[in-house]
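Asker: Below: one structure in structure tokens.
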Amino acid sequence: MATKLSQEELLEQFESLTLIELSEFVKAFEEKFDVTAAAAVAAAPAGPAAVAEAAEEQDEFDVILTAAGDKKIQVIKVVRELTSLGLKEAKDLVDGAPKPVVEKVAKEAAEKAAEALKGAGASVEVK
């Protein structure tokens, strides 16, 4: 039987992973235990080296709506502008947050989409 790792030992192991490896681990963890760890991933500290490494490798970005905020109607309008979804589909996307709004776009497009959503009062994450 494998020995149980302490929380500190686990954190040391996660520190050595790249962002891509950590993302793959989170996906596998979510599938294995049928949970969503979106908030935990957002709070996970990443060292400057890991961020720089990911920035060099990544050329496609996803904009993920994490929360609609207080101005839900404004967020739905922005989602419709960004995605050309119908009213019902955009509302379902906003209600089902966290969900990706735009996927596999250039960095500039992802930043513009994130700013538009933030301007409407939403919480977003760019991956």
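Residue numbers start at 1 in each chain; chains themselves are named A, B, ... in the order of the structure tokens; ligands are numbered from 1 in the order shown.
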For A:Val75, work out the shell of residues within 6 Å, counting only C-alpha atoms and skipping chain neighbours fewer than 3 positions away, then give it as a PyMOL selection string.
Answerer: chain A and resi 72+78+120
Asker: Create the file for the chosen residues now, containing all heavy atoms and written as a short mmCIF file (atom, residue, chain, number, x, y, z; two decimals), in the first residue's frame.
Answerer:
```cif
data_model
loop_
_atom_site.label_atom_id
_atom_site.label_comp_id
_atom_site.auth_asym_id
_atom_site.auth_seq_id
_atom_site.Cartn_x
_atom_site.Cartn_y
_atom_site.Cartn_z
N LYS A 72 -26.42 40.48 -14.23
CA LYS A 72 -26.55 39.28 -15.05
C LYS A 72 -27.05 39.60 -16.46
O LYS A 72 -26.57 39.03 -17.45
CB LYS A 72 -27.49 38.30 -14.35
CG LYS A 72 -27.59 36.96 -14.96
CD LYS A 72 -28.38 36.08 -14.01
CE LYS A 72 -28.94 34.88 -14.69
NZ LYS A 72 -29.75 34.08 -13.79
N VAL A 78 -23.38 40.77 -23.31
CA VAL A 78 -21.99 40.68 -23.77
C VAL A 78 -21.70 39.28 -24.31
O VAL A 78 -21.05 39.13 -25.35
CB VAL A 78 -21.01 41.06 -22.63
CG1 VAL A 78 -19.57 40.79 -23.04
CG2 VAL A 78 -21.19 42.51 -22.25
N ALA A 120 -18.97 44.25 -17.79
CA ALA A 120 -20.40 44.01 -17.55
C ALA A 120 -20.65 43.49 -16.14
O ALA A 120 -21.79 43.29 -15.75
CB ALA A 120 -20.93 43.01 -18.57
#
```
Asker: To test your reading of the structure, identify every residue in chain A that backbone DSSP assigns to helix (DSSP H, G or I), and report it as a ChimeraX atom specification.
Answerer: /A:7-15,19-33,38-43,48-57,72-83,87-95,107-119
Asker: Please identify the strand (DSSP E) residues within chain A (assignment by DSSP from backbone atoms) and present them as a PyMOL selection string.
Answerer: chain A and resi 61-67+99-105+123-126
Asker: For stretch 113-118 of chain A, find every residue with an atom within 8 Å (counting only C-alpha atoms), except residues of its own chain fewer than 3 positions away, and show them as a PyMOL selection string.
Answerer: chain A and resi 63+75+78-79+82+102+109-110+121-126
Asker: Within 8 Å of A:Lys99, counting only C-alpha atoms, which residues qualify if same-chain residues fewer than 6 places away don't, as an MDAnalysis selection string?
Answerer: chainID A and resid 64:66 93
